[in-house]
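Asker: Supplied structure: input.txt, compact mmCIF, C-alpha atoms.
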```txt
# COMPACT_ATOMS: atom_id res chain seq x y z
CA MET A 874 130.68 68.68 114.97
CA ARG A 875 133.67 69.63 117.11
CA ALA A 876 133.65 70.54 120.77
CA PHE A 877 136.17 71.13 123.52
CA ARG A 878 135.76 69.16 126.71
CA LEU A 879 137.61 69.53 130.00
CA HIS A 880 138.96 66.08 130.86
CA ALA A 881 141.10 66.86 133.92
CA PHE A 882 141.64 69.73 136.34
CA ASP A 883 144.92 70.66 134.66
CA GLY A 884 144.07 74.21 133.71
CA PRO A 885 144.29 74.89 129.96
CA ASP A 886 146.06 71.54 129.48
CA GLY A 887 142.82 69.81 130.48
CA TYR A 888 141.06 71.02 127.30
CA ARG A 889 140.69 68.51 124.45
CA LEU A 890 139.16 69.16 121.04
CA GLU A 891 136.95 66.22 120.04
CA GLU A 892 134.49 65.12 117.40
CA ARG A 893 131.03 64.84 118.97
CA PRO A 894 127.58 63.95 117.59
CA SER A 895 125.58 66.94 116.40
CA PRO A 896 122.79 67.66 118.89
CA SER A 897 119.09 67.43 118.05
CA PRO A 898 116.55 69.76 119.67
CA GLY A 899 113.88 68.34 121.93
CA HIS A 900 110.53 69.94 122.71
CA GLY A 901 111.07 73.64 123.44
CA GLU A 902 114.74 73.45 122.55
CA VAL A 903 116.93 75.22 120.00
CA VAL A 904 120.21 74.20 118.37
CA VAL A 905 122.57 77.17 118.21
CA ARG A 906 125.45 77.16 115.73
CA MET A 907 128.05 78.92 117.88
CA LYS A 908 130.08 81.71 116.30
CA ALA A 909 132.05 82.99 119.29
CA ALA A 910 132.63 82.41 123.00
CA SER A 911 134.27 84.55 125.67
CA LEU A 912 136.22 83.73 128.81
CA ASN A 913 135.60 84.60 132.45
CA TYR A 914 137.83 84.13 135.50
CA ARG A 915 135.34 81.45 136.58
CA ASP A 916 136.42 79.37 133.57
CA LEU A 917 140.02 79.41 134.76
CA LEU A 918 138.97 78.35 138.26
CA ILE A 919 136.82 75.54 136.84
CA SER A 920 139.68 74.28 134.68
CA LYS A 921 141.87 73.94 137.78
CA GLY A 922 139.24 72.30 139.98
CA LEU A 923 139.14 75.34 142.26
CA TYR A 924 135.55 76.34 141.51
CA ASN A 925 133.87 72.96 141.95
CA PRO A 926 136.29 70.09 142.57
CA LYS A 927 133.36 67.66 142.38
CA LEU A 928 132.35 68.74 138.88
CA PRO A 929 131.74 65.61 136.77
CA LEU A 930 134.23 65.31 133.91
CA PRO A 931 134.53 65.41 130.96
CA GLN A 932 132.46 68.54 130.42
CA VAL A 933 132.13 71.19 127.70
CA PRO A 934 133.50 74.44 129.24
CA LEU A 935 132.59 78.14 129.08
CA SER A 936 129.31 79.87 129.81
CA ASP A 937 129.35 82.80 127.39
CA GLY A 938 128.77 82.66 123.66
CA ALA A 939 126.74 83.84 120.70
CA GLY A 940 125.57 82.24 117.47
CA GLU A 941 122.64 81.68 115.18
CA VAL A 942 119.67 79.37 115.41
CA ALA A 943 120.34 76.26 113.29
CA ALA A 944 117.35 74.09 114.27
CA VAL A 945 114.23 74.36 116.42
CA GLY A 946 112.30 71.68 118.25
CA LEU A 947 108.56 71.22 118.56
CA GLY A 948 106.81 73.91 120.53
CA VAL A 949 109.44 76.59 119.93
CA THR A 950 107.78 79.97 119.40
CA ARG A 951 110.35 82.60 120.43
CA PHE A 952 112.92 81.98 117.69
CA LYS A 953 113.27 80.92 114.07
CA LEU A 954 116.11 79.68 111.89
CA GLY A 955 118.85 82.25 111.42
CA ASP A 956 118.05 84.35 114.49
CA ARG A 957 121.16 85.73 116.21
CA VAL A 958 121.10 84.73 119.86
CA SER A 959 123.01 84.35 123.08
CA ALA A 960 122.19 82.23 126.11
CA ASN A 961 121.67 83.54 129.61
CA PHE A 962 124.43 82.46 132.00
CA MET A 963 121.84 80.61 134.09
CA ALA A 964 119.56 78.89 131.63
CA GLY A 965 116.84 78.47 134.24
CA TRP A 966 116.83 82.02 135.67
CA ILE A 967 114.18 83.78 133.61
CA GLU A 968 112.83 86.34 136.06
CA GLY A 969 112.52 87.20 139.74
CA PRO A 970 115.15 86.60 142.42
CA ILE A 971 117.73 83.84 142.26
CA ASP A 972 117.25 80.59 144.16
CA ALA A 973 119.18 77.34 144.51
CA ALA A 974 117.43 75.63 141.60
CA LYS A 975 118.17 78.51 139.23
CA GLY A 976 121.78 78.61 140.40
CA ARG A 977 122.28 74.99 139.39
CA THR A 978 121.50 75.84 135.74
CA ALA A 979 124.67 77.91 135.20
CA LEU A 980 126.29 77.01 131.88
CA GLY A 981 129.89 75.87 131.74
CA GLY A 982 129.54 73.90 134.97
CA GLU A 983 127.33 70.90 135.62
CA ALA A 984 124.97 72.15 132.91
CA GLY A 985 127.69 71.98 130.27
CA GLY A 986 129.00 74.90 128.25
CA VAL A 987 129.23 76.56 124.86
CA LEU A 988 132.78 75.90 123.59
CA ALA A 989 131.45 73.81 120.71
CA GLU A 990 130.37 74.29 117.13
CA GLU A 991 126.77 73.42 118.05
CA VAL A 992 124.91 73.62 121.36
CA VAL A 993 121.33 72.69 122.26
CA LEU A 994 119.58 74.97 124.75
CA PRO A 995 116.05 75.69 126.00
CA GLU A 996 114.46 78.48 123.99
CA ALA A 997 113.54 80.17 127.28
CA ALA A 998 117.24 80.62 128.05
CA LEU A 999 118.01 82.58 124.88
CA VAL A 1000 117.96 86.30 124.10
CA ARG A 1001 118.33 88.13 120.80
CA ILE A 1002 121.60 89.99 120.49
CA PRO A 1003 121.73 93.72 119.63
CA ASP A 1004 121.66 94.32 115.87
CA HIS A 1005 124.77 96.53 115.83
CA LEU A 1006 127.00 93.93 117.50
CA GLY A 1007 128.97 91.17 115.80
CA PHE A 1008 129.00 87.67 117.26
CA GLU A 1009 132.36 88.20 118.97
CA GLU A 1010 131.11 91.34 120.70
CA ALA A 1011 127.82 89.69 121.67
CA ALA A 1012 129.69 86.72 123.16
CA THR A 1013 131.06 89.04 125.88
CA LEU A 1014 127.64 89.92 127.31
CA PRO A 1015 126.16 86.95 129.24
CA CYS A 1016 128.36 87.03 132.34
CA ALA A 1017 130.58 90.12 132.56
CA ALA A 1018 128.17 92.66 131.11
CA LEU A 1019 125.09 91.30 132.87
CA THR A 1020 126.93 91.11 136.20
CA ALA A 1021 127.93 94.77 135.88
CA TRP A 1022 124.38 95.73 134.86
CA HIS A 1023 122.84 93.85 137.79
CA ALA A 1024 125.32 95.40 140.23
CA LEU A 1025 124.68 98.96 139.05
CA PHE A 1026 120.96 99.06 138.33
CA PRO A 1027 118.71 96.30 139.75
CA SER A 1028 120.91 96.11 142.88
CA GLY A 1029 122.63 99.50 143.09
CA ARG A 1030 119.91 101.72 141.61
CA VAL A 1031 122.65 104.02 140.30
CA LYS A 1032 121.48 107.48 139.34
CA PRO A 1033 123.12 110.49 137.65
CA GLY A 1034 125.73 112.09 139.87
CA ASP A 1035 126.46 108.99 141.94
CA ALA A 1036 130.11 108.11 142.50
CA VAL A 1037 131.02 104.57 141.41
CA LEU A 1038 134.40 103.01 142.21
CA THR A 1039 135.63 100.18 139.96
CA GLN A 1040 138.58 97.82 140.40
CA GLY A 1041 140.93 96.77 137.62
CA SER A 1042 140.41 96.33 133.91
CA GLY A 1043 138.68 92.97 133.55
CA GLY A 1044 135.39 92.46 131.77
CA VAL A 1045 133.02 93.28 134.64
CA SER A 1046 134.90 96.44 135.62
CA VAL A 1047 135.13 97.71 132.04
CA PHE A 1048 131.42 97.16 131.44
CA ALA A 1049 130.66 98.86 134.77
CA ILE A 1050 132.60 101.93 133.65
CA GLN A 1051 130.74 102.03 130.34
CA PHE A 1052 127.29 101.53 131.88
CA ALA A 1053 127.81 103.90 134.82
CA SER A 1054 129.11 106.70 132.62
CA LEU A 1055 126.14 106.27 130.27
CA ALA A 1056 123.86 106.69 133.29
CA GLY A 1057 125.54 109.98 134.20
CA ALA A 1058 127.45 108.61 137.17
CA ARG A 1059 130.94 109.71 138.17
CA VAL A 1060 133.37 106.79 137.82
CA ILE A 1061 136.55 106.46 139.87
CA ALA A 1062 138.63 103.69 138.29
CA THR A 1063 141.53 101.84 139.90
CA SER A 1064 144.27 99.81 138.20
CA SER A 1065 147.93 98.95 138.68
CA SER A 1066 148.80 100.24 135.20
CA ASP A 1067 148.87 103.88 134.10
CA THR A 1068 148.52 102.70 130.50
CA LYS A 1069 145.32 100.84 131.34
CA LEU A 1070 144.04 103.76 133.39
CA SER A 1071 144.42 106.01 130.37
CA ARG A 1072 142.28 103.59 128.36
CA LEU A 1073 139.70 103.41 131.16
CA LYS A 1074 139.44 107.20 131.07
CA ASP A 1075 138.66 107.01 127.36
CA LEU A 1076 135.85 104.57 128.21
CA GLY A 1077 134.23 106.99 130.67
CA ALA A 1078 136.15 107.02 133.96
CA SER A 1079 136.22 110.47 135.56
CA GLU A 1080 139.08 109.98 138.04
CA LEU A 1081 141.93 107.48 138.08
CA ILE A 1082 143.85 105.81 140.91
CA ASN A 1083 146.93 103.63 140.41
CA TYR A 1084 146.72 101.30 143.39
CA LYS A 1085 150.38 100.34 143.08
CA THR A 1086 151.64 103.90 143.47
CA THR A 1087 148.71 104.83 145.73
CA PRO A 1088 148.24 101.77 147.96
CA ASP A 1089 145.82 103.68 150.21
CA TRP A 1090 143.37 103.98 147.33
CA ASP A 1091 140.46 103.91 149.76
CA ARG A 1092 141.66 107.18 151.30
CA ARG A 1093 142.17 108.70 147.87
CA ALA A 1094 138.62 107.74 146.88
CA ARG A 1095 137.29 109.51 149.97
CA GLU A 1096 139.39 112.58 149.15
CA LEU A 1097 137.94 112.65 145.65
CA THR A 1098 134.43 112.66 147.15
CA GLY A 1099 135.10 115.41 149.66
CA GLY A 1100 135.57 112.95 152.50
CA ALA A 1101 132.10 111.42 152.15
CA GLY A 1102 133.03 108.25 150.31
CA VAL A 1103 131.73 106.76 147.08
CA ASP A 1104 128.12 105.68 146.65
CA HIS A 1105 128.92 102.32 145.05
CA VAL A 1106 131.87 99.94 144.80
CA ILE A 1107 132.17 97.26 142.12
CA GLU A 1108 134.13 94.83 144.28
CA VAL A 1109 135.91 92.16 142.23
CA GLY A 1110 138.92 91.50 144.43
CA GLY A 1111 137.39 89.62 147.34
CA ALA A 1112 138.91 89.41 150.81
CA GLY A 1113 142.12 91.17 149.73
CA THR A 1114 140.33 94.36 148.67
CA LEU A 1115 137.01 94.27 150.51
CA PRO A 1116 138.30 95.95 153.71
CA LYS A 1117 139.45 98.97 151.70
CA SER A 1118 136.21 98.98 149.71
CA LEU A 1119 134.30 99.18 152.99
CA ARG A 1120 136.43 102.17 153.98
CA ALA A 1121 136.01 103.84 150.58
CA VAL A 1122 132.20 103.68 150.51
CA ARG A 1123 129.99 106.28 152.20
CA VAL A 1124 127.73 105.69 155.16
CA GLY A 1125 124.69 103.85 153.81
CA GLY A 1126 126.53 103.06 150.57
CA HIS A 1127 126.46 99.96 148.39
CA VAL A 1128 129.17 97.38 147.75
CA ALA A 1129 128.45 94.91 144.93
CA LEU A 1130 130.50 91.84 145.82
CA ILE A 1131 131.33 90.09 142.57
CA GLY A 1132 134.75 88.43 142.46
CA VAL A 1133 137.48 86.79 144.49
CA LEU A 1134 140.50 87.72 142.37
CA SER A 1135 142.62 88.51 145.43
CA GLY A 1136 141.67 85.31 147.23
CA LEU A 1137 139.72 84.37 150.32
CA GLY A 1138 140.14 85.41 153.93
CA GLU A 1139 138.52 87.04 156.94
CA VAL A 1140 136.79 90.42 156.89
CA ASN A 1141 135.83 92.41 159.97
CA PRO A 1142 132.08 93.13 159.69
CA MET A 1143 132.16 96.05 162.14
CA GLY A 1144 132.40 98.67 159.38
CA ILE A 1145 129.39 97.19 157.60
CA LEU A 1146 127.35 97.39 160.80
CA MET A 1147 128.47 100.81 162.03
CA ASN A 1148 128.13 102.50 158.62
CA SER A 1149 124.95 100.74 157.47
CA ILE A 1150 126.70 99.54 154.31
CA ARG A 1151 124.69 97.31 152.00
CA VAL A 1152 126.88 94.47 150.70
CA HIS A 1153 125.16 92.49 147.97
CA GLY A 1154 126.58 89.34 146.39
CA ILE A 1155 125.99 89.55 142.64
CA TYR A 1156 125.81 86.25 140.77
CA VAL A 1157 125.19 87.37 137.16
CA GLY A 1158 121.45 87.95 136.46
CA SER A 1159 118.14 86.80 135.01
CA ARG A 1160 117.02 86.66 131.38
CA ASP A 1161 114.73 89.63 132.07
CA MET A 1162 117.76 91.65 133.20
CA PHE A 1163 119.68 90.50 130.11
CA GLU A 1164 116.94 91.72 127.79
CA ALA A 1165 116.71 95.08 129.60
CA MET A 1166 120.49 95.46 129.34
CA ASN A 1167 120.44 94.67 125.63
CA ARG A 1168 117.81 97.36 125.07
CA ALA A 1169 120.11 99.88 126.75
CA ILE A 1170 123.13 98.67 124.76
CA SER A 1171 121.15 99.05 121.53
CA ALA A 1172 119.84 102.51 122.42
CA ALA A 1173 123.36 103.75 123.23
CA SER A 1174 125.08 101.80 120.41
CA LEU A 1175 127.52 100.66 123.09
CA ARG A 1176 130.34 98.41 121.94
CA PRO A 1177 132.03 95.89 124.26
CA VAL A 1178 135.79 96.12 124.70
CA ILE A 1179 137.62 93.07 123.35
CA ASP A 1180 141.23 92.57 124.36
CA ARG A 1181 142.10 89.74 121.95
CA VAL A 1182 140.42 87.14 119.73
CA PHE A 1183 141.79 83.59 119.49
CA PRO A 1184 140.93 80.92 116.91
CA PHE A 1185 138.77 78.01 118.06
CA GLU A 1186 141.57 75.49 117.86
CA ASP A 1187 143.70 77.64 120.17
CA ALA A 1188 141.19 77.86 123.04
CA ALA A 1189 143.76 76.70 125.59
CA SER A 1190 146.02 79.64 124.67
CA ALA A 1191 143.10 81.99 125.21
CA LEU A 1192 142.72 80.64 128.74
CA ARG A 1193 146.46 81.05 129.34
CA HIS A 1194 146.25 84.65 128.17
CA LEU A 1195 143.41 85.30 130.61
CA GLU A 1196 145.52 83.78 133.38
CA THR A 1197 148.28 86.38 132.84
CA GLY A 1198 145.93 89.18 133.89
CA SER A 1199 147.37 91.42 131.18
CA HIS A 1200 144.06 91.85 129.35
CA LEU A 1201 141.84 94.91 129.27
CA GLY A 1202 138.28 93.91 128.51
CA LYS A 1203 137.27 90.50 127.25
CA VAL A 1204 139.18 87.55 125.78
CA VAL A 1205 137.20 85.96 122.95
CA ILE A 1206 137.37 82.71 120.96
CA ARG A 1207 136.16 82.74 117.35
CA ILE A 1208 134.28 79.56 116.39
CA PRO A 1209 134.27 78.72 112.67
```
Could you quickly redo this structure as structure tokens?
Answerer:
Amino acid sequence: MRAFRLHAFDGPDGYRLEERPSPSPGHGEVVVRMKAASLNYRDLLISKGLYNPKLPLPQVPLSDGAGEVAAVGLGVTRFKLGDRVSANFMAGWIEGPIDAAKGRTALGGEAGGVLAEEVVLPEAALVRIPDHLGFEEAATLPCAALTAWHALFPSGRVKPGDAVLTQGSGGVSVFAIQFASLAGARVIATSSSDTKLSRLKDLGASELINYKTTPDWDRRARELTGGAGVDHVIEVGGAGTLPKSLRAVRVGGHVALIGVLSGLGEVNPMGILMNSIRVHGIYVGSRDMFEAMNRAISAASLRPVIDRVFPFEDAASALRHLETGSHLGKVVIRIP
């Protein structure tokens, strides 16, 4: 079988397509014949050595994928041949809160990833994918969708009528718009592109802010909420946007800290203290959360937003496309 492995921290140029032995399942393990994988910003950071410069190489990249069960090991009871499945981002996080041991099981890092024709995984790490979704759509769920779900519901406890502010048009933000609008929340979406904002409105955003033409988007968000501030912020920018997020959120509000797209830096904690803001770092979610999210996706017949699909052999180009930041939704790789 064929698999990509990252051989050097050279970005997309570090990917090499190789012939590898087909895996065999051990006790409690399942071989998944991968049909699709999707990219996250984390994958770009990993490829450049910016996420974990001590990551042992070579390593199979990417955490998110979907496929069908091709073989089962002894003791497997949750799945059978032909089942359509996806793996949780952290193979060892089944339920409860995260801890250090669970964090070390994240796919696409030291645990190895899914950019291969066949992957062996613990059956406990797998979930069934919604019946109405194709493999390419299902491949978008493990990281971006589950992160948005965790931020909004287990962490944020979003309810109808809440105001949710999202940033940009990447996978997490797009899923957050879809989920929040389904829950009856009011979504205020920000982007630097009026064209993208129009698309985000179609996906459920109530109000739109172009942060290029309205650089004080935090003030605009407060204006849109009658001066009170939003209830929740899906914060994907990091240090470059967090100060404004803290000014946009209401007293006692919730900021889900997810990404570092705008880089690292210092943030004054005074606003958090004085306004009793709850800032929660969201690192994807558990298998239990994944299964709950999939039930909601099935009930609503929700469809993920895919920006572009690349062939397996052109995985490096998919990563380059992600790097441009021009995408809206998820970048997907089709695996033959």
Asker: Would you mind listing what lies within 9 Å of segment 1011-1027 of chain A as an MDAnalysis selection string, with only C-alpha atoms counted and same-chain residues fewer than 4 positions away left out?
Answerer: chainID A and resid 908:913 936:940 958:962 1002:1003 1006:1007 1031:1032 1037 1043:1050 1052:1053 1105 1107 1128:1131 1153:1159 1162:1163 1166:1167 1177:1179 1203:1206
Asker: Would you pick out the contacts of Lys921 of chain A at 10 Å or less, using all atoms listed in the file, so that residues sharing its chain but fewer than 6 positions from it are not included, and give the list as an NGL selection string?
Answerer: :A and (879 or 881-887)
Asker: Rank nothing, just name the residue among A:Leu999, A:Asp972, A:Leu1115, A:Leu1076 nearest to Gln1040 of chain A, using all atoms listed in the file.
Answerer: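 Among A:Leu999, A:Asp972, A:Leu1115, A:Leu1076, it is A:Leu1115 that comes nearest to Gln1040 of chain A.
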Asker: I want to know what sits within 7 Å of segment 1061-1075 of chain A, based on all atoms listed in the file, with residues of the same chain fewer than 4 positions away left out; could you give that as an NGL selection string?
Answerer: :A and (1037-1042 or 1079-1085)
Asker: Limited to C-alpha atoms, could you put the picked residues into a file as a compact mmCIF listing (two decimals), in the frame of the given file?
Answerer:
```
# COMPACT_ATOMS: atom_id res chain seq x y z
CA VAL A 1037 131.02 104.57 141.41
CA LEU A 1038 134.40 103.01 142.21
CA THR A 1039 135.63 100.18 139.96
CA GLN A 1040 138.58 97.82 140.40
CA GLY A 1041 140.93 96.77 137.62
CA SER A 1042 140.41 96.33 133.91
CA SER A 1079 136.22 110.47 135.56
CA GLU A 1080 139.08 109.98 138.04
CA LEU A 1081 141.93 107.48 138.08
CA ILE A 1082 143.85 105.81 140.91
CA ASN A 1083 146.93 103.63 140.41
CA TYR A 1084 146.72 101.30 143.39
CA LYS A 1085 150.38 100.34 143.08
```
Asker: If I take atom CA of Thr978 of chain A and atom CA of Ile919 of chain A, how far is one from the other in Å, to one decimal?
Answerer: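 A separation of 15.4 Å between them.
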Asker: Restricting the calculation to only C-alpha atoms, which member of A:Ser920, A:Ser1199, A:Thr1086, A:Ser1028 is positioned closest to Arg1181 of chain A?
Answerer: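 Distance minimum relative to Arg1181 of chain A lands on A:Ser1199.
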Asker: Figure out the distance between atom CA of Ser1054 of chain A and atom CA of Leu1201 of chain A, please, to one decimal in Å.
Answerer: 17.7 Å
Asker: So that I can see what lies close to segment 1168-1176 of chain A, please list as a list in words the residues with an atom at most 8 Å from it, counting only C-alpha atoms and leaving out residues fewer than 4 positions away in the same chain.
Answerer: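 After dropping sequence-adjacent residues, the list is Pro1003, Asp1004, His1005, Leu1006, Glu1010, Leu1055 and Glu1164 of chain A.
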Asker: One number please: atom CA of Ser897 of chain A to atom CA of Arg875 of chain A, in Å, one decimal.
Answerer: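 These two atoms are separated by 14.8 Å.
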Asker: Ranking A:Asp1089, A:Glu902, A:Asp1104, A:Asp1035 by minimum distance to Leu947 of chain A and counting only C-alpha atoms, which one comes first?
Answerer: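 Distance minimum relative to Leu947 of chain A lands on A:Glu902.
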Asker: Under the rule that only C-alpha atoms are counted, which of A:Glu996, A:Asp1161, A:Glu1096, A:Glu1186 is the nearest residue to Trp966 of chain A?
Answerer: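 For Trp966 of chain A, the nearest of the given residues is A:Asp1161.
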Asker: I need the residue nearest Gly948 of chain A from this list: A:Pro929, A:Gly969, A:Pro898, A:Gly985. Use only C-alpha atoms for the distance.
Answerer: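 Nearest candidate to Gly948 of chain A out of A:Pro929, A:Gly969, A:Pro898, A:Gly985: A:Pro898.
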Asker: Pick the closest to Ala997 of chain A from A:Ala943, A:Glu968, A:Asp956, A:Gly976: which is it, counting only C-alpha atoms?
Answerer: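 The answer is A:Glu968, which sits nearest to Ala997 of chain A.
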Asker: Centre and edge lengths, as AutoDock Vina command-line options, for the axis-aligned box enclosing every listed atom of segment 1046-1060 of chain A with 8 Å of padding on each of the six sides, in Å to one decimal?
Answerer:
```
--center_x 129.5 --center_y 103.2 --center_z 134.2 --size_x 27.3 --size_y 29.5 --size_z 23.9
```
Asker: If we count only C-alpha atoms, what is near His1127 of chain A at a cut-off of 6 Å, once residues fewer than 4 positions away on the same chain are taken out, given as an NGL selection string?
Answerer: :A and (1105 or 1150-1152)
